[in-house]
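Presented below is the structure to which this report refers.
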Amino acid sequence: MDNDNDLSFGLSDEEPISAQKVLKTLEEVWLNEKLSPELLKHQTEVVDCMLDQVQQMEENVSKLRKNDFRVVVHRMELERIRYIVASYLRTRLDKIEMFTNKILDDEDKREPEEKYLSPKEFKFAREYSSLMESHLQALALKHMPTYVQKFDKSKMSIVPNISSHVFLRAKRNITGIIIEGDNETGDEEIDLEENSQHIIQYKCIDRYLKAETVQLI
Amino acid sequence: MDPTEVEFIAENKMVSIVPNFTFDRIFLISGEVGPFRAGLPVKIPIWMALNLRQRQKCRIMAPDWMDPEKLEEIKEEESQSRYFTKMPSEHYMVEGFLLLDAAAEDIPRSDEIRTIIKDIWDIRMSKLRSSIDAFVKSGGSHAKLDHLTALEINSIRPLLPHALDELHRLENALRIL
């Protein structure tokens with residue numbers, strides 16, 4: 001009746017990952033996406049795996065008697081997980097809508113394995129972009145004199161502010177992060193101890209975020 | 001980030017309860033809990049404990065640190081120290097208020113505890129405000145904030161990051177000129 005928490009889903013050569021670990025990863029991924037100024041790499045594996053687990057659990061729960069107190073508890077947990085997944089996907093869609101052109105441009109330059117958008121998100125981004133364009137054309141540009149009818153997308157697009165400051169926790173000791181200084185102060189170099197918390201410009205640590213050695217808080 | 005989202009994250013922490021029913025282990029996605037034996041303490045996530053308490057199926061036990069004497073010591077240390085001291089729990093504020101609201105009768109001297117936690121929070125917040133003030137005036141671009149809890153960090157969002165962003169933007173503009 002109660003499901004086995006070990007999954008046969010695992011990443012290529014690694015041992016099977018437990019549902020608990022997937023949930024923990026999902027929570028971290030959710031926080032990182034929420035708090036980062038730019039769109040991060042898609043984690044559809046984690047999301048899909050979690051949704052599979054949720055579906056399996058739903059089936060199990062539906063087989064229990066109605067008065068079994070486990071029903072309420074399991075349902076609550078499933079609601080919590082669904083909330084995290086929904087919030088994660090919604091945050092990504094918001095970012096896609098805001099930074100459409102920049103994201104599509106960057107995506108073109110990336111290798112197939114390195115893509116940041118999942119296939120569905122990519123489709124959404126492309127359609128959104130063309131809809132916006134045709135909408136603006138029909139609404140405004142058509143009625144303007146011909147010489148201003150050109151629509152330069154790259155000048156119009158909103159770009160994420162990667163100099164934005166973020167709070168983070170270092171998961172490991174990290175040495176040699178360079179912070180650009182302004183005119184008076186030169187460049188500063190700092191080290192982060194394991195488990196210490198900092199506020200710092202996003203662009204200084206973005207590669208550590210992608211390598212999963214820091215966590216945004 | 002919403003304070004309610006910080007609360008959501010805090011609700012994943014474990015707390016000890018004494019159930020008044022008996023049941024086998026439950027296999028949640030986030031791990032297994034139980035087995036439940038009436039009268040014997042067991043650790044479960046806070047969100048589950050709040051639900052069970054509401055349905056009168058358990059009694060919530062105060063975490064070790066939720067004791068007036070211990071909290072007084074922590075408060076003393078906090079007011080003496082220039083920096084932030086390590087709190088007994090990453091989500092002391094959230095845990096404190098969630099558990100005390102749901103189960104004030106289960107926890108001895110809950111009013112005292114509530115007052116002391118509030119005092120500790122006030123001390124830390126005023127320390128935070130003055131250190132932010134000093135930090136921004138000194139024009140730093142990076143700071144270490146060990147021992148700050150999630151709710152405290154969230155309370156200065158979006159003020160501090162946005163202020164630093166604006167300063168940075170103005171400095172860059174100056175650089176171009």
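Going through the structure tokens in order, the chains are called A, B, and so on, while each chain numbers its residues from 1 and the ligands are numbered from 1 in the order shown.
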Open item on the list: Using only C-alpha atoms and a distance of at most 6 Å, pull out the residues of chain A that contact chain B, as a ChimeraX atom specification.
Closed with: /A:19-20,164-165,196-200
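Note that CA of Trp30 (chain A) and CA of Tyr83 (chain A) are 10.6 Å apart.
These are the residues of region 19-108 of chain B assigned strand (DSSP E or B) by DSSP from backbone coordinates: B:Pro19, B:Phe23, B:Ile26, B:Phe27, B:Leu28, B:Gly31, B:Glu32, B:Val33, B:Phe36, B:Val42, B:Lys43, B:Ile44, B:Pro45, B:Cys58, B:Arg59, B:Ile60.
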Open item on the list: Give me, as a count of residues only, all polymer residues having an atom no more than 12 Å from region 114-123 of chain A, counting only C-alpha atoms and skipping those fewer than 4 positions away in the same chain.
Closed with: 33
Open item on the list: Restricting the calculation to only C-alpha atoms: of A:Gln149, A:Arg126, A:Glu111, A:Thr91, which residue gets closest to Pro37 (chain A)?
Closed with: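 Closest residue, counting only C-alpha atoms: A:Thr91.
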Open item on the list: Based on the backbone DSSP call, show me all residues of region 23-156 of chain B assigned alpha helix (DSSP H), as number ranges by chain.
Closed with: B: 46-54, 68-80, 92-102, 110-138, 150-155
Task: Option closest in space to Pro160 (chain A), from A:Ala86, A:Val61, A:Met98, A:Leu31 [counting only C-alpha atoms] - done: A:Met98
TODO: Identify which of the residues A:Val85, A:Ala138, A:Met156, A:Leu209 lies closest to Ala170 (chain A), counting only C-alpha atoms when measuring atom-to-atom distances.
DONE: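 Result for the nearest residue to Ala170 (chain A): A:Leu209.
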- [ ] Could you give me, as a ChimeraX atom specification, the residues within 9 Å of Ala102 (chain B), counting only C-alpha atoms and dropping anything in the same chain fewer than 3 positions from it?
- [x] /B:50,53-54,60,97-99,105
Residues as selected, all heavy atoms, written as a PDB file, in the first residue's frame, can you do that?
ATOM      1  N   LEU B  50       0.883  20.641  13.136  1.00  0.00           N
ATOM      2  CA  LEU B  50      -0.162  21.642  13.297  1.00  0.00           C
ATOM      3  C   LEU B  50      -1.516  21.065  12.934  1.00  0.00           C
ATOM      4  O   LEU B  50      -2.515  21.311  13.604  1.00  0.00           O
ATOM      5  CB  LEU B  50       0.146  22.864  12.416  1.00  0.00           C
ATOM      6  CG  LEU B  50       1.384  23.659  12.797  1.00  0.00           C
ATOM      7  CD1 LEU B  50       1.584  24.796  11.813  1.00  0.00           C
ATOM      8  CD2 LEU B  50       1.255  24.212  14.197  1.00  0.00           C
ATOM      9  N   ARG B  53      -2.645  18.599  15.642  1.00  0.00           N
ATOM     10  CA  ARG B  53      -3.014  19.304  16.869  1.00  0.00           C
ATOM     11  C   ARG B  53      -4.400  19.913  16.709  1.00  0.00           C
ATOM     12  O   ARG B  53      -5.210  19.902  17.622  1.00  0.00           O
ATOM     13  CB  ARG B  53      -1.981  20.411  17.135  1.00  0.00           C
ATOM     14  CG  ARG B  53      -2.250  21.220  18.379  1.00  0.00           C
ATOM     15  CD  ARG B  53      -2.170  20.335  19.601  1.00  0.00           C
ATOM     16  NE  ARG B  53      -2.270  21.069  20.840  1.00  0.00           N
ATOM     17  CZ  ARG B  53      -3.413  21.445  21.411  1.00  0.00           C
ATOM     18  NH1 ARG B  53      -4.541  21.195  20.804  1.00  0.00           N
ATOM     19  NH2 ARG B  53      -3.415  22.093  22.556  1.00  0.00           N
ATOM     20  N   GLN B  54      -4.648  20.451  15.507  1.00  0.00           N
ATOM     21  CA  GLN B  54      -5.934  21.072  15.243  1.00  0.00           C
ATOM     22  C   GLN B  54      -7.059  20.052  15.353  1.00  0.00           C
ATOM     23  O   GLN B  54      -8.148  20.363  15.808  1.00  0.00           O
ATOM     24  CB  GLN B  54      -5.930  21.648  13.841  1.00  0.00           C
ATOM     25  CG  GLN B  54      -6.948  22.699  13.592  1.00  0.00           C
ATOM     26  CD  GLN B  54      -6.911  23.139  12.155  1.00  0.00           C
ATOM     27  OE1 GLN B  54      -6.537  22.362  11.262  1.00  0.00           O
ATOM     28  NE2 GLN B  54      -7.298  24.349  11.883  1.00  0.00           N
ATOM     29  N   ILE B  60       1.720  18.911  21.351  1.00  0.00           N
ATOM     30  CA  ILE B  60       3.013  19.331  20.793  1.00  0.00           C
ATOM     31  C   ILE B  60       3.987  19.577  21.931  1.00  0.00           C
ATOM     32  O   ILE B  60       3.658  20.228  22.911  1.00  0.00           O
ATOM     33  CB  ILE B  60       2.841  20.605  19.942  1.00  0.00           C
ATOM     34  CG1 ILE B  60       1.928  20.316  18.762  1.00  0.00           C
ATOM     35  CG2 ILE B  60       4.185  21.087  19.454  1.00  0.00           C
ATOM     36  CD1 ILE B  60       1.896  21.395  17.716  1.00  0.00           C
ATOM     37  N   PHE B  97       6.278  31.229  16.817  1.00  0.00           N
ATOM     38  CA  PHE B  97       4.904  31.692  16.721  1.00  0.00           C
ATOM     39  C   PHE B  97       3.943  30.627  16.245  1.00  0.00           C
ATOM     40  O   PHE B  97       2.821  30.540  16.726  1.00  0.00           O
ATOM     41  CB  PHE B  97       4.847  32.974  15.881  1.00  0.00           C
ATOM     42  CG  PHE B  97       5.192  34.163  16.722  1.00  0.00           C
ATOM     43  CD1 PHE B  97       6.512  34.417  17.067  1.00  0.00           C
ATOM     44  CD2 PHE B  97       4.211  34.969  17.235  1.00  0.00           C
ATOM     45  CE1 PHE B  97       6.833  35.474  17.892  1.00  0.00           C
ATOM     46  CE2 PHE B  97       4.521  36.042  18.059  1.00  0.00           C
ATOM     47  CZ  PHE B  97       5.835  36.293  18.393  1.00  0.00           C
ATOM     48  N   LEU B  98       4.360  29.768  15.300  1.00  0.00           N
ATOM     49  CA  LEU B  98       3.462  28.706  14.840  1.00  0.00           C
ATOM     50  C   LEU B  98       3.108  27.774  15.988  1.00  0.00           C
ATOM     51  O   LEU B  98       1.935  27.469  16.231  1.00  0.00           O
ATOM     52  CB  LEU B  98       4.118  27.892  13.725  1.00  0.00           C
ATOM     53  CG  LEU B  98       4.080  28.472  12.316  1.00  0.00           C
ATOM     54  CD1 LEU B  98       4.775  27.523  11.370  1.00  0.00           C
ATOM     55  CD2 LEU B  98       2.651  28.703  11.864  1.00  0.00           C
ATOM     56  N   LEU B  99       4.145  27.321  16.701  1.00  0.00           N
ATOM     57  CA  LEU B  99       3.888  26.349  17.763  1.00  0.00           C
ATOM     58  C   LEU B  99       3.128  26.991  18.917  1.00  0.00           C
ATOM     59  O   LEU B  99       2.218  26.392  19.477  1.00  0.00           O
ATOM     60  CB  LEU B  99       5.193  25.728  18.248  1.00  0.00           C
ATOM     61  CG  LEU B  99       5.959  24.922  17.190  1.00  0.00           C
ATOM     62  CD1 LEU B  99       7.230  24.343  17.773  1.00  0.00           C
ATOM     63  CD2 LEU B  99       5.104  23.812  16.630  1.00  0.00           C
ATOM     64  N   GLU B 105      -1.346  25.777  25.209  1.00  0.00           N
ATOM     65  CA  GLU B 105      -1.546  25.058  26.475  1.00  0.00           C
ATOM     66  C   GLU B 105      -0.525  23.952  26.646  1.00  0.00           C
ATOM     67  O   GLU B 105      -0.206  23.552  27.755  1.00  0.00           O
ATOM     68  CB  GLU B 105      -2.933  24.394  26.532  1.00  0.00           C
ATOM     69  CG  GLU B 105      -4.091  25.287  26.177  1.00  0.00           C
ATOM     70  CD  GLU B 105      -4.328  25.288  24.681  1.00  0.00           C
ATOM     71  OE1 GLU B 105      -4.433  24.191  24.101  1.00  0.00           O
ATOM     72  OE2 GLU B 105      -4.386  26.382  24.118  1.00  0.00           O
TER      73      GLU B 105
END
Open item on the list: Could you check the closest approach to Leu78 (chain A) for each of A:Cys204, A:Ala211, A:Met57, A:Leu23 and tell me which residue wins, using only C-alpha atoms?
Closed with: A:Met57
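Separating CA of Ile179 (chain A) from CA of Ser126 (chain B) is a distance of 28.4 Å.
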